[in-house]
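Trainee: Here it is: the structure, laid out below.
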Amino acid sequence: MEKLIHLPDYPKIGFITNMILLQREARIYFLDANRDSYELYFPDVWDFRCCVEIAFSMRKFEFNNSQTAFSVFRVVENSEFLKKFTYDTGGVYETIDFEHYIIFEDVDACIELVATKPPELRCLIKHCT
């Protein structure tokens with residue numbers, strides 16, 4: 001079974017508003033529960049998948065309730081996505097230290113990335129309460 005660690009320095013994602021995937025980078029725009037707007041930037045992406053199918057997003061519910069307070073995770077053990085990436089590329093990139101990230105929103109989207117660097121967070125709009 002995969003072992004995940006949550007990245008607590010990131011706000012809980014309420015709704016993903018947009019995604020931009022370029023040659024080797026990804027930008028994920030989202031709103032949190034306070035409707036504050038953020039950009040999650042991955043500077044070195046090697047593989048990416050996004051799904052809103054219920055079978056795929058059910059992965060969220062495989063984790064215990066204490067982890068559902070978070071939205072961004074790094075898979076630290078037994079990543080099937082990372083194993084598949086390594087297999088599909090014929091082992092050409094075995095010397096590169098890849099990390100597998102999983103991002104859940106509160107609605108139904110799940111994003112998985114293979115990257116070499118952790119995401120950078122940028123607050124775009126902060127609402128006053």
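Please note that chains go A, B, ... in the order of the structure tokens, that every chain numbers its residues from 1, and that ligands are numbered from 1 in the order shown.
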Could you go through chain A and tell me which residues DSSP, when run on the backbone, assigns to helix (DSSP H, G or I), listing them as a PDB file with N, CA and C atoms, in the first residue's frame?
Mentor:
ATOM      1  N   ILE A  54     -15.283   8.855 -10.408  1.00  0.00           N
ATOM      2  CA  ILE A  54     -15.479   8.455  -9.023  1.00  0.00           C
ATOM      3  C   ILE A  54     -14.543   7.316  -8.623  1.00  0.00           C
ATOM      4  N   ALA A  55     -14.255   6.398  -9.527  1.00  0.00           N
ATOM      5  CA  ALA A  55     -13.379   5.275  -9.189  1.00  0.00           C
ATOM      6  C   ALA A  55     -11.978   5.756  -8.846  1.00  0.00           C
ATOM      7  N   PHE A  56     -11.508   6.770  -9.546  1.00  0.00           N
ATOM      8  CA  PHE A  56     -10.176   7.296  -9.290  1.00  0.00           C
ATOM      9  C   PHE A  56     -10.175   8.189  -8.054  1.00  0.00           C
ATOM     10  N   SER A  57     -11.175   9.028  -7.924  1.00  0.00           N
ATOM     11  CA  SER A  57     -11.198   9.950  -6.782  1.00  0.00           C
ATOM     12  C   SER A  57     -11.524   9.232  -5.474  1.00  0.00           C
ATOM     13  N   MET A  58     -11.964   7.986  -5.537  1.00  0.00           N
ATOM     14  CA  MET A  58     -12.198   7.203  -4.316  1.00  0.00           C
ATOM     15  C   MET A  58     -10.904   6.988  -3.545  1.00  0.00           C
ATOM     16  N   ARG A  59      -9.753   7.196  -4.188  1.00  0.00           N
ATOM     17  CA  ARG A  59      -8.476   7.076  -3.480  1.00  0.00           C
ATOM     18  C   ARG A  59      -8.445   7.979  -2.260  1.00  0.00           C
ATOM     19  N   LYS A  60      -9.125   9.110  -2.366  1.00  0.00           N
ATOM     20  CA  LYS A  60      -9.159  10.052  -1.243  1.00  0.00           C
ATOM     21  C   LYS A  60      -9.716   9.400   0.012  1.00  0.00           C
ATOM     22  N   PHE A  61     -10.679   8.532  -0.165  1.00  0.00           N
ATOM     23  CA  PHE A  61     -11.351   7.937   0.973  1.00  0.00           C
ATOM     24  C   PHE A  61     -10.625   6.708   1.504  1.00  0.00           C
ATOM     25  N   GLU A  62      -9.531   6.320   0.865  1.00  0.00           N
ATOM     26  CA  GLU A  62      -8.712   5.239   1.383  1.00  0.00           C
ATOM     27  C   GLU A  62      -7.844   5.717   2.541  1.00  0.00           C
ATOM     28  N   ASN A  65      -9.402   9.678   8.291  1.00  0.00           N
ATOM     29  CA  ASN A  65     -10.056  10.984   8.407  1.00  0.00           C
ATOM     30  C   ASN A  65      -9.125  12.103   8.825  1.00  0.00           C
ATOM     31  N   SER A  66      -8.061  11.802   9.546  1.00  0.00           N
ATOM     32  CA  SER A  66      -7.154  12.865   9.980  1.00  0.00           C
ATOM     33  C   SER A  66      -6.412  13.479   8.796  1.00  0.00           C
ATOM     34  N   GLN A  67      -6.265  12.721   7.728  1.00  0.00           N
ATOM     35  CA  GLN A  67      -5.562  13.245   6.562  1.00  0.00           C
ATOM     36  C   GLN A  67      -6.488  13.994   5.614  1.00  0.00           C
ATOM     37  N   THR A  68      -7.788  13.844   5.737  1.00  0.00           N
ATOM     38  CA  THR A  68      -8.689  14.511   4.813  1.00  0.00           C
ATOM     39  C   THR A  68      -8.750  16.017   5.057  1.00  0.00           C
ATOM     40  N   ALA A  69      -8.131  16.498   6.124  1.00  0.00           N
ATOM     41  CA  ALA A  69      -8.060  17.934   6.370  1.00  0.00           C
ATOM     42  C   ALA A  69      -7.002  18.583   5.474  1.00  0.00           C
ATOM     43  N   GLU A  80       2.593   3.424  -7.099  1.00  0.00           N
ATOM     44  CA  GLU A  80       2.290   2.690  -8.334  1.00  0.00           C
ATOM     45  C   GLU A  80       2.463   3.603  -9.551  1.00  0.00           C
ATOM     46  N   PHE A  81       2.108   4.865  -9.402  1.00  0.00           N
ATOM     47  CA  PHE A  81       2.249   5.826 -10.505  1.00  0.00           C
ATOM     48  C   PHE A  81       3.724   6.012 -10.873  1.00  0.00           C
ATOM     49  N   LEU A  82       4.584   6.099  -9.874  1.00  0.00           N
ATOM     50  CA  LEU A  82       6.015   6.252 -10.115  1.00  0.00           C
ATOM     51  C   LEU A  82       6.612   4.971 -10.717  1.00  0.00           C
ATOM     52  N   LYS A  83       6.162   3.823 -10.240  1.00  0.00           N
ATOM     53  CA  LYS A  83       6.620   2.555 -10.822  1.00  0.00           C
ATOM     54  C   LYS A  83       6.221   2.454 -12.290  1.00  0.00           C
ATOM     55  N   LYS A  84       4.986   2.853 -12.603  1.00  0.00           N
ATOM     56  CA  LYS A  84       4.513   2.816 -13.987  1.00  0.00           C
ATOM     57  C   LYS A  84       5.298   3.794 -14.851  1.00  0.00           C
ATOM     58  N   PHE A  85       5.578   4.982 -14.334  1.00  0.00           N
ATOM     59  CA  PHE A  85       6.366   5.966 -15.076  1.00  0.00           C
ATOM     60  C   PHE A  85       7.751   5.408 -15.392  1.00  0.00           C
ATOM     61  N   THR A  86       8.401   4.818 -14.410  1.00  0.00           N
ATOM     62  CA  THR A  86       9.733   4.238 -14.616  1.00  0.00           C
ATOM     63  C   THR A  86       9.685   3.120 -15.653  1.00  0.00           C
ATOM     64  N   TYR A  87       8.678   2.263 -15.559  1.00  0.00           N
ATOM     65  CA  TYR A  87       8.528   1.161 -16.508  1.00  0.00           C
ATOM     66  C   TYR A  87       8.265   1.692 -17.926  1.00  0.00           C
ATOM     67  N   ASP A  88       7.334   2.649 -18.044  1.00  0.00           N
ATOM     68  CA  ASP A  88       6.961   3.187 -19.359  1.00  0.00           C
ATOM     69  C   ASP A  88       8.105   3.912 -20.053  1.00  0.00           C
TER      70      ASP A  88
END
Trainee: Which residues are close to Arg27 in chain A, i.e. within 7 Å by only C-alpha atoms, leaving aside same-chain residues fewer than 2 positions away? Reply as a list in words.
Mentor: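 Listing them by chain and then by number gives Met19, Ile20, Leu21, Glu25, Tyr29, Glu39, Leu40, Tyr41 and Phe42 of chain A.
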Trainee: Give me, as a PyMOL selection string, the residues of chain A that a backbone DSSP run labels strand (DSSP E).
Mentor: chain A and resi 3-6+15-21+26-31+37-42+45-51+72-77+99-104+110-115+120-125
Trainee: Of the candidates A:His127, A:Ile111, A:Ile96, A:Asn78, which shows the shortest atom-to-atom distance to Asp44 in chain A, using only C-alpha atoms?
Mentor: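 Comparing A:His127, A:Ile111, A:Ile96, A:Asn78 against Asp44 in chain A, the winner is A:Ile96.
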Trainee: Measure the distance from CA of Asn34 in chain A to CA of Lys12 in chain A in Å and round it to one decimal.
Mentor: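 Going from CA of Asn34 in chain A over to CA of Lys12 in chain A covers 10.0 Å.
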Trainee: I need the residue nearest Glu105 in chain A from this list: A:Gly14, A:Pro8, A:Pro119, A:Gly91. Use only C-alpha atoms for the distance.
Mentor: A:Gly14
Trainee: Tell me, in Å to one decimal, how far CA of Arg122 in chain A is from CA of Ser37 in chain A.
Mentor: 8.8 Å
Trainee: Do you have the CA of Asp32 in chain A-CA of His100 in chain A distance handy?
Mentor: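 Result for CA of Asp32 in chain A versus CA of His100 in chain A: 22.6 Å, one decimal.
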Trainee: Considering only C-alpha atoms, can you say which of A:Cys123, A:Val76, A:Trp46, A:Pro118 comes closest to Tyr93 in chain A?
Mentor: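 Among the listed residues, the smallest separation from Tyr93 in chain A belongs to A:Trp46.
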Trainee: Would you please work out which residue, of A:Phe15, A:Phe48, A:Phe98, A:Phe70, is nearest to Ala33 in chain A when using only C-alpha atoms?
Mentor: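 Answer, going by the shortest atom-to-atom distance: A:Phe15.
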Trainee: Using only C-alpha atoms, which residue out of A:Asp47, A:Glu94, A:Asp36, A:Asp9 lies closest to Val114 in chain A?
Mentor: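 Of A:Asp47, A:Glu94, A:Asp36, A:Asp9, the one nearest Val114 in chain A is A:Asp47, counting only C-alpha atoms.
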Trainee: Would you list the contacts of Leu7 in chain A as a list in words, taking every protein, DNA or RNA residue within 10 Å and counting only C-alpha atoms, but skipping same-chain residues closer than 5 positions in sequence?
Mentor: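 That gives Phe70, Ser71, Val72, Phe73, Arg74, Tyr101 and Pro118 of chain A.
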Trainee: Store the residues picked out above in a file with N, CA, C and O atoms, as a PDB file, in the first residue's frame.
Mentor:
ATOM      1  N   PHE A  70      -6.274  17.771   4.724  1.00  0.00           N
ATOM      2  CA  PHE A  70      -5.220  18.282   3.853  1.00  0.00           C
ATOM      3  C   PHE A  70      -5.541  17.950   2.401  1.00  0.00           C
ATOM      4  O   PHE A  70      -6.350  17.073   2.125  1.00  0.00           O
ATOM      5  N   SER A  71      -4.897  18.656   1.492  1.00  0.00           N
ATOM      6  CA  SER A  71      -5.167  18.455   0.074  1.00  0.00           C
ATOM      7  C   SER A  71      -3.949  18.035  -0.728  1.00  0.00           C
ATOM      8  O   SER A  71      -4.092  17.459  -1.795  1.00  0.00           O
ATOM      9  N   VAL A  72      -2.738  18.366  -0.276  1.00  0.00           N
ATOM     10  CA  VAL A  72      -1.525  18.080  -1.041  1.00  0.00           C
ATOM     11  C   VAL A  72      -0.700  17.050  -0.281  1.00  0.00           C
ATOM     12  O   VAL A  72      -0.397  17.226   0.898  1.00  0.00           O
ATOM     13  N   PHE A  73      -0.348  15.973  -0.972  1.00  0.00           N
ATOM     14  CA  PHE A  73       0.400  14.872  -0.371  1.00  0.00           C
ATOM     15  C   PHE A  73       1.602  14.520  -1.239  1.00  0.00           C
ATOM     16  O   PHE A  73       1.590  14.727  -2.452  1.00  0.00           O
ATOM     17  N   ARG A  74       2.608  13.954  -0.611  1.00  0.00           N
ATOM     18  CA  ARG A  74       3.737  13.363  -1.326  1.00  0.00           C
ATOM     19  C   ARG A  74       3.746  11.884  -0.987  1.00  0.00           C
ATOM     20  O   ARG A  74       3.666  11.504   0.170  1.00  0.00           O
ATOM     21  N   TYR A 101       3.385  13.352  -6.311  1.00  0.00           N
ATOM     22  CA  TYR A 101       2.483  14.218  -5.551  1.00  0.00           C
ATOM     23  C   TYR A 101       1.040  13.917  -5.917  1.00  0.00           C
ATOM     24  O   TYR A 101       0.736  13.642  -7.084  1.00  0.00           O
ATOM     25  N   PRO A 118       9.456  20.126  -5.137  1.00  0.00           N
ATOM     26  CA  PRO A 118       8.154  20.340  -4.499  1.00  0.00           C
ATOM     27  C   PRO A 118       7.463  21.568  -5.088  1.00  0.00           C
ATOM     28  O   PRO A 118       8.113  22.446  -5.683  1.00  0.00           O
TER      29      PRO A 118
END
Trainee: Please determine, counting only C-alpha atoms, which residue among A:Leu4, A:Leu121, A:Ala115, A:Ile102 has the shortest atom-to-atom distance to Phe30 in chain A.
Mentor: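 For Phe30 in chain A, the nearest of the given residues is A:Leu121.
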